[in-house]
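Notes for the one structure printed next.
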Amino acid sequence: MKRISSLFFASLVAVASVAGEVNYEVIPLPCNIQLSEKGEVYSLSQGAVVTYASGNERMASVARLLADFLKVDADFVVVPQADVKKGASIQLILGLKQENQEAYTLTVDKRGIVIQGVTEEGVFRGIQTLRKAIGTEGGEQVSLPYVTIQDEPRFPYRGVMLDVARHYFPVDFIKQYIDVLALHGCNQLHWHLTDDQGWRFEVKSMPELAKKGSVRKQTVIGRNTGIYDGREYGGYYTQQECREIVEYAARRFVNVVPEIDLPGHMLGALHVYPELGCTGGPYEVWPIWGVSRDVLCAGNPKTIEFLKGVYDELCDVFPSKFIHIGGDESPRDRWKECPKCQAKMKELGLTSEAELQTYINKEMDSHLAAKGRTLIGWDETLEGGLSENAVVMSWRGIKGGIEAARQHHRVVMTPTSHCYIDYYQLKEQRIQPMAIGGYVPVSKVYGFEPTAELSTDEARYIMGAQVNLWTEYVGAPEHAMYMLLPRLDAISEVQWMLGEQKNFEAFKGRLPRMQTLYRKLGYKYCDKVE
């Protein structure tokens, strides 16, 4: 339980003239904040020394990031602990005894600033808290109130999804997106790489897949109006760029979960390999939005061969334990009419086309498991049964997640009702950039409880929560950031804090400090909160 000393308000006033806007009540809010009752402050000055455990390269990387984060006008010297002859201004150390691997303590007293973690990741979470507490304060000296903070996240999976298939975003923006996630304590970037409107991942054994599958001839204007812009649209990520993004994210303790959607949402691939479809094509990379009836042919043995080849290279590039296979919105109309699919059903003794999708899912589940990876899929994958190890991402409400948890599957909750941030965030649509529709305000996101309706035992299978940014109507980085912020602030507290600790009115009071930091960092955001 978060605690603040009884003299919090008096001490805050006492240090206000010295400490400026330094405030430890950041987003997400730490579990326990204890301010000194005497109102003492520590002055962090230009040329401050940051130390880390000698010989620990991961901690050295964290220390360098801290120096970059805090640098305004002041310079910070980063050195191993063994090289310090006098006391350091900021010490980054390990050795904290906690079960939660991301737990940390942050202490400010006369010795300086000490951030201690169970692991380097915990220390990194602590430096983000320090960074946000200082906010935009800079200059040659910053004064920080004495404090002891004890903190740890509630959920191990704290995700945000970005769809780059409908619209391609440059590598620099993907890195910025990762920075924003790290700032908010999120640790998973779910990267939706392929769809009917474009294939964005380079497969070296199939070079035409990305070169041709990433390009649509034109794009519909508005909501499938039948009017097109007449401009070719494309772009994909090379494997080298993907590795660069993975490495960049890893330094910020963000895992990249790649998604290649199957067996539907595959027009990008079918355009290049029409023989993998039930009708043989021709197919085009879709210039409109929605769900295509054309999917991979479940009865063609080359389909599984194709998928395994793609996922082999995906696993080679992305070290993530979790590999997302999609599995959502896959119409079975073509399968009903396809001789190959019907023959496959007869061969396997299946009685419905739905079981054909289960057959594909299980093939990929086994293939990924042999590589030491865990399949994660949208809640449709649950319909035909999954291996015990598979993870379910519940998007069609929370019902699928509840069912999965009761079957002892691990679950990530991401229902459209609370977690789809491609929806409008304000009631008055005309004052906002175009969105897909719907209404998911900050208050709705903040009010989400991932373990609702579950017993204590069942709730153990909820790994966490995630918000999803689909990009049919989001074509520019500034627009993407606007859709993300401040709803990311809201989900970060859902992911980090216990439900009973949350308070929306208090959250709104803390939000302006984050918005000041966004302006400093050049992030676009929605400045109204509903």
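Chain identifiers are assigned as A, B, and so on, following the order in which chains appear in the structure tokens; residues are numbered from 1 within each chain, and ligands are numbered from 1 in order of appearance.
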
(message) I need the strand (DSSP E) residues of range 311-459 of chain A per DSSP on the backbone, written as a list in words.
(response) Phe322, Ile323, His324, Ile325, Gly326, Thr374, Leu375, Ile376, Gly377, Trp378, Val391, Val392, Met393, Ser394, Arg410, Val411, Val412 and Met413 of chain A

(request) Please indicate the distance in Å from CA of Pro433 in chain A to CA of Lys524 in chain A, rounded to one decimal place. (result) 12.0 Å

(request) Determine, counting only C-alpha atoms, which protein, DNA and RNA residues have an atom within 9 Å of an atom of range 164-172 of chain A; residues of the same chain fewer than 3 positions away are not included. Present the result as a VMD selection string. (result) chain A and resid 175 to 177 191 to 200 214 233 to 237 241 to 242 244 to 245 289 470 to 477

Export of the given selection (N, CA and C atoms) as an mmCIF file, in the first residue's frame:
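Saved result, again.cif, follows:
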```
data_model
loop_
_atom_site.group_PDB
_atom_site.id
_atom_site.type_symbol
_atom_site.label_atom_id
_atom_site.label_comp_id
_atom_site.auth_asym_id
_atom_site.auth_seq_id
_atom_site.Cartn_x
_atom_site.Cartn_y
_atom_site.Cartn_z
ATOM 1 N N LYS A 175 11.304 3.399 -32.830
ATOM 2 C CA LYS A 175 12.178 3.601 -31.666
ATOM 3 C C LYS A 175 11.561 4.608 -30.693
ATOM 4 N N GLN A 176 10.989 5.667 -31.224
ATOM 5 C CA GLN A 176 10.332 6.648 -30.361
ATOM 6 C C GLN A 176 9.149 6.012 -29.625
ATOM 7 N N TYR A 177 8.417 5.172 -30.321
ATOM 8 C CA TYR A 177 7.287 4.458 -29.710
ATOM 9 C C TYR A 177 7.776 3.594 -28.549
ATOM 10 N N TRP A 191 4.037 -6.158 -32.197
ATOM 11 C CA TRP A 191 4.273 -5.526 -33.494
ATOM 12 C C TRP A 191 3.533 -6.298 -34.569
ATOM 13 N N HIS A 192 2.422 -5.734 -35.048
ATOM 14 C CA HIS A 192 1.565 -6.364 -36.061
ATOM 15 C C HIS A 192 2.145 -6.068 -37.441
ATOM 16 N N LEU A 193 2.819 -7.057 -38.023
ATOM 17 C CA LEU A 193 3.672 -6.828 -39.193
ATOM 18 C C LEU A 193 3.026 -7.122 -40.543
ATOM 19 N N THR A 194 1.955 -7.889 -40.569
ATOM 20 C CA THR A 194 1.371 -8.273 -41.861
ATOM 21 C C THR A 194 -0.146 -8.222 -41.810
ATOM 22 N N ASP A 195 -0.731 -7.934 -42.958
ATOM 23 C CA ASP A 195 -2.192 -7.947 -43.061
ATOM 24 C C ASP A 195 -2.578 -7.890 -44.529
ATOM 25 N N ASP A 196 -3.883 -7.813 -44.790
ATOM 26 C CA ASP A 196 -4.358 -7.751 -46.170
ATOM 27 C C ASP A 196 -3.827 -6.524 -46.907
ATOM 28 N N GLN A 197 -3.515 -5.461 -46.176
ATOM 29 C CA GLN A 197 -3.104 -4.196 -46.803
ATOM 30 C C GLN A 197 -1.592 -4.041 -46.930
ATOM 31 N N GLY A 198 -0.836 -5.045 -46.504
ATOM 32 C CA GLY A 198 0.606 -4.952 -46.678
ATOM 33 C C GLY A 198 1.384 -5.945 -45.835
ATOM 34 N N TRP A 199 2.448 -6.482 -46.431
ATOM 35 C CA TRP A 199 3.373 -7.409 -45.748
ATOM 36 C C TRP A 199 4.647 -6.632 -45.470
ATOM 37 N N ARG A 200 5.003 -6.463 -44.187
ATOM 38 C CA ARG A 200 6.082 -5.538 -43.822
ATOM 39 C C ARG A 200 7.366 -6.216 -43.328
ATOM 40 N N SER A 214 4.309 -5.822 -49.928
ATOM 41 C CA SER A 214 4.198 -4.619 -49.095
ATOM 42 C C SER A 214 3.534 -3.457 -49.823
ATOM 43 N N TYR A 233 1.341 2.775 -52.437
ATOM 44 C CA TYR A 233 1.750 2.884 -51.037
ATOM 45 C C TYR A 233 2.476 1.613 -50.629
ATOM 46 N N GLY A 234 3.637 1.746 -49.981
ATOM 47 C CA GLY A 234 4.372 0.564 -49.556
ATOM 48 C C GLY A 234 5.416 0.871 -48.505
ATOM 49 N N GLY A 235 6.245 -0.116 -48.272
ATOM 50 C CA GLY A 235 7.294 -0.002 -47.257
ATOM 51 C C GLY A 235 7.359 -1.270 -46.428
ATOM 52 N N TYR A 236 8.564 -1.732 -46.137
ATOM 53 C CA TYR A 236 8.720 -2.894 -45.270
ATOM 54 C C TYR A 236 10.024 -2.763 -44.489
ATOM 55 N N TYR A 237 10.162 -3.622 -43.479
ATOM 56 C CA TYR A 237 11.337 -3.604 -42.612
ATOM 57 C C TYR A 237 12.280 -4.734 -43.011
ATOM 58 N N GLU A 241 16.950 -4.089 -40.065
ATOM 59 C CA GLU A 241 16.211 -3.041 -39.344
ATOM 60 C C GLU A 241 15.442 -3.636 -38.171
ATOM 61 N N CYS A 242 14.870 -4.814 -38.363
ATOM 62 C CA CYS A 242 14.156 -5.468 -37.268
ATOM 63 C C CYS A 242 15.101 -5.799 -36.115
ATOM 64 N N GLU A 244 17.835 -4.262 -35.402
ATOM 65 C CA GLU A 244 18.196 -2.971 -34.804
ATOM 66 C C GLU A 244 17.111 -2.511 -33.823
ATOM 67 N N ILE A 245 15.858 -2.683 -34.209
ATOM 68 C CA ILE A 245 14.739 -2.311 -33.342
ATOM 69 C C ILE A 245 14.682 -3.210 -32.112
ATOM 70 N N TRP A 289 -10.327 -1.247 -46.389
ATOM 71 C CA TRP A 289 -10.250 -1.759 -45.019
ATOM 72 C C TRP A 289 -11.311 -2.839 -44.823
ATOM 73 N N TRP A 470 -4.622 0.055 -33.907
ATOM 74 C CA TRP A 470 -4.781 -0.316 -35.309
ATOM 75 C C TRP A 470 -4.739 0.952 -36.145
ATOM 76 N N THR A 471 -4.249 0.839 -37.378
ATOM 77 C CA THR A 471 -3.894 2.077 -38.086
ATOM 78 C C THR A 471 -4.564 2.255 -39.452
ATOM 79 N N GLU A 472 -5.756 1.697 -39.633
ATOM 80 C CA GLU A 472 -6.466 1.963 -40.884
ATOM 81 C C GLU A 472 -6.580 3.473 -41.132
ATOM 82 N N TYR A 473 -6.863 4.213 -40.081
ATOM 83 C CA TYR A 473 -7.086 5.660 -40.224
ATOM 84 C C TYR A 473 -5.994 6.482 -39.537
ATOM 85 N N VAL A 474 -4.885 5.818 -39.250
ATOM 86 C CA VAL A 474 -3.758 6.494 -38.587
ATOM 87 C C VAL A 474 -2.544 6.326 -39.493
ATOM 88 N N GLY A 475 -2.220 7.382 -40.259
ATOM 89 C CA GLY A 475 -1.173 7.243 -41.262
ATOM 90 C C GLY A 475 0.096 8.000 -40.995
ATOM 91 N N ALA A 476 0.160 8.737 -39.873
ATOM 92 C CA ALA A 476 1.326 9.567 -39.592
ATOM 93 C C ALA A 476 1.759 9.394 -38.140
ATOM 94 N N PRO A 477 3.064 9.512 -37.857
ATOM 95 C CA PRO A 477 3.546 9.367 -36.482
ATOM 96 C C PRO A 477 2.848 10.283 -35.486
#
```

Given only C-alpha atoms, how would the per-residue table for range 105-175 of chain A near range 486-495 of chain A read, listing every residue at most 9 Å away with its closest atom pair and distance in Å to one decimal, sorted by chain and number, as a tab-separated table?
```
residue	atom	partner	partner_atom	distance
A:Pro153	CA	A:Gln495	CA	7.2
A:Arg154	CA	A:Gln495	CA	6.4
A:Phe155	CA	A:Gln495	CA	5.8
A:Pro156	CA	A:Gln495	CA	8.5
A:Tyr157	CA	A:Gln495	CA	7.9
A:Arg158	CA	A:Gln495	CA	5.7
A:Gly159	CA	A:Gln495	CA	8.5
A:Val160	CA	A:Leu488	CA	8.3
```

With C-alpha atoms retained, write the just-selected residues as a CSV table (one decimal), in the first residue's frame.
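See again-v3.csv below for the written result:
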```csv
chain,number,residue,atom,x,y,z
A,153,PRO,CA,4.7,-3.8,-11.1
A,154,ARG,CA,1.5,-5.8,-10.6
A,155,PHE,CA,1.5,-7.7,-13.9
A,156,PRO,CA,4.5,-9.3,-15.8
A,157,TYR,CA,3.1,-8.5,-19.2
A,158,ARG,CA,2.4,-4.8,-19.8
A,159,GLY,CA,1.8,-4.4,-23.5
A,160,VAL,CA,1.0,-2.0,-26.3
```

(request) Write out as a list in words the residues lying within 8 Å of Cys419 in chain A, counting only C-alpha atoms and excluding same-chain residues fewer than 2 positions away. (result) Thr414, Pro415, Thr416, Ser417, Ile421, Val440, Val445, Gln466, Val467 and Asn468 of chain A

Selection export as a PDB file, in the first residue's frame, atoms kept: C-alpha atoms:
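Result file part.pdb:
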```
ATOM      1  CA  THR A 414      -7.161  -6.458 -24.364  1.00  0.00           C
ATOM      2  CA  PRO A 415     -10.925  -6.044 -24.925  1.00  0.00           C
ATOM      3  CA  THR A 416     -12.237  -3.605 -27.510  1.00  0.00           C
ATOM      4  CA  SER A 417     -14.425  -2.036 -24.814  1.00  0.00           C
ATOM      5  CA  ILE A 421      -7.140   3.104 -28.834  1.00  0.00           C
ATOM      6  CA  VAL A 440     -12.869   4.773 -25.538  1.00  0.00           C
ATOM      7  CA  VAL A 445      -9.206   2.696 -20.053  1.00  0.00           C
ATOM      8  CA  GLN A 466      -2.538  -4.384 -23.450  1.00  0.00           C
ATOM      9  CA  VAL A 467      -3.882  -1.498 -25.537  1.00  0.00           C
ATOM     10  CA  ASN A 468      -4.006  -1.853 -29.325  1.00  0.00           C
TER      11      ASN A 468
END
```

(message) Residues near Lys340 in chain A, anyone? I mean within 10 Å using only C-alpha atoms, not counting same-chain ones fewer than 2 positions away, as a ChimeraX atom specification.
(response) /A:278,297-301,335-338,342-346

(request) Determine the nearest neighbour of Ala60 in chain A from the options A:Pro30, A:Pro80, A:Pro450, A:Gly522, counting only C-alpha atoms. (result)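 Ranking A:Pro30, A:Pro80, A:Pro450, A:Gly522 by distance to Ala60 in chain A, first place goes to A:Pro80.
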
(request) Can you pull out every residue within 9 Å of Val79 in chain A, counting only C-alpha atoms, but drop anything in the same chain fewer than 3 positions away, and send it as a list of chain:residue names? (result) A:Val49, A:Val50, A:Thr51, A:Tyr52, A:Ser54, A:Ala60, A:Ala63, A:Ala82, A:Asp83, A:Val84

(message) Residues near Tyr42 in chain A, anyone? I mean within 9 Å using only C-alpha atoms, not counting same-chain ones fewer than 3 positions away, as a list in words.
(response)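 Close residues of Tyr42 in chain A: Val108, Asp109, Lys110, Arg111, Gly112, Ile113, Val142, Ser143, Leu144, Pro145 and Tyr146 of chain A.
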
Serialized selection, N, CA and C atoms, as a PDB file, in the first residue's frame:
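Heads up, here's the output in selection_18.pdb:
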```
ATOM      1  N   VAL A 108      16.566   8.940  -1.696  1.00  0.00           N
ATOM      2  CA  VAL A 108      17.261  10.226  -1.765  1.00  0.00           C
ATOM      3  C   VAL A 108      17.495  10.696  -0.336  1.00  0.00           C
ATOM      4  N   ASP A 109      18.763  10.868   0.013  1.00  0.00           N
ATOM      5  CA  ASP A 109      19.108  11.391   1.333  1.00  0.00           C
ATOM      6  C   ASP A 109      20.443  12.109   1.235  1.00  0.00           C
ATOM      7  N   LYS A 110      21.085  12.344   2.337  1.00  0.00           N
ATOM      8  CA  LYS A 110      22.316  13.126   2.321  1.00  0.00           C
ATOM      9  C   LYS A 110      23.447  12.455   1.539  1.00  0.00           C
ATOM     10  N   ARG A 111      23.357  11.138   1.342  1.00  0.00           N
ATOM     11  CA  ARG A 111      24.380  10.418   0.583  1.00  0.00           C
ATOM     12  C   ARG A 111      24.220  10.603  -0.921  1.00  0.00           C
ATOM     13  N   GLY A 112      23.026  11.056  -1.320  1.00  0.00           N
ATOM     14  CA  GLY A 112      22.738  11.206  -2.741  1.00  0.00           C
ATOM     15  C   GLY A 112      21.524  10.380  -3.123  1.00  0.00           C
ATOM     16  N   ILE A 113      21.547   9.882  -4.333  1.00  0.00           N
ATOM     17  CA  ILE A 113      20.422   9.118  -4.885  1.00  0.00           C
ATOM     18  C   ILE A 113      20.890   7.685  -5.109  1.00  0.00           C
ATOM     19  N   VAL A 142      19.456  20.739  -9.539  1.00  0.00           N
ATOM     20  CA  VAL A 142      18.088  20.335  -9.243  1.00  0.00           C
ATOM     21  C   VAL A 142      18.067  19.804  -7.821  1.00  0.00           C
ATOM     22  N   SER A 143      17.118  20.275  -7.024  1.00  0.00           N
ATOM     23  CA  SER A 143      17.019  19.840  -5.625  1.00  0.00           C
ATOM     24  C   SER A 143      15.863  18.870  -5.464  1.00  0.00           C
ATOM     25  N   LEU A 144      16.177  17.723  -4.866  1.00  0.00           N
ATOM     26  CA  LEU A 144      15.178  16.666  -4.711  1.00  0.00           C
ATOM     27  C   LEU A 144      14.873  16.440  -3.234  1.00  0.00           C
ATOM     28  N   PRO A 145      13.605  16.401  -2.844  1.00  0.00           N
ATOM     29  CA  PRO A 145      13.248  16.091  -1.459  1.00  0.00           C
ATOM     30  C   PRO A 145      13.739  14.695  -1.070  1.00  0.00           C
ATOM     31  N   TYR A 146      14.183  14.557   0.163  1.00  0.00           N
ATOM     32  CA  TYR A 146      14.544  13.237   0.668  1.00  0.00           C
ATOM     33  C   TYR A 146      13.315  12.321   0.584  1.00  0.00           C
TER      34      TYR A 146
END
```

(message) To one decimal place in Å, what is the distance between CA of Arg243 in chain A and CA of Asp316 in chain A?
(response)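 That distance, rounded to one decimal, is 9.6 Å.
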
(request) Grab the CA of Lys362 in chain A to CA of Gln407 in chain A distance for me, in Å with one decimal place. (result)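 Taking CA of Lys362 in chain A as the start and CA of Gln407 in chain A as the end point, the length is 17.0 Å.
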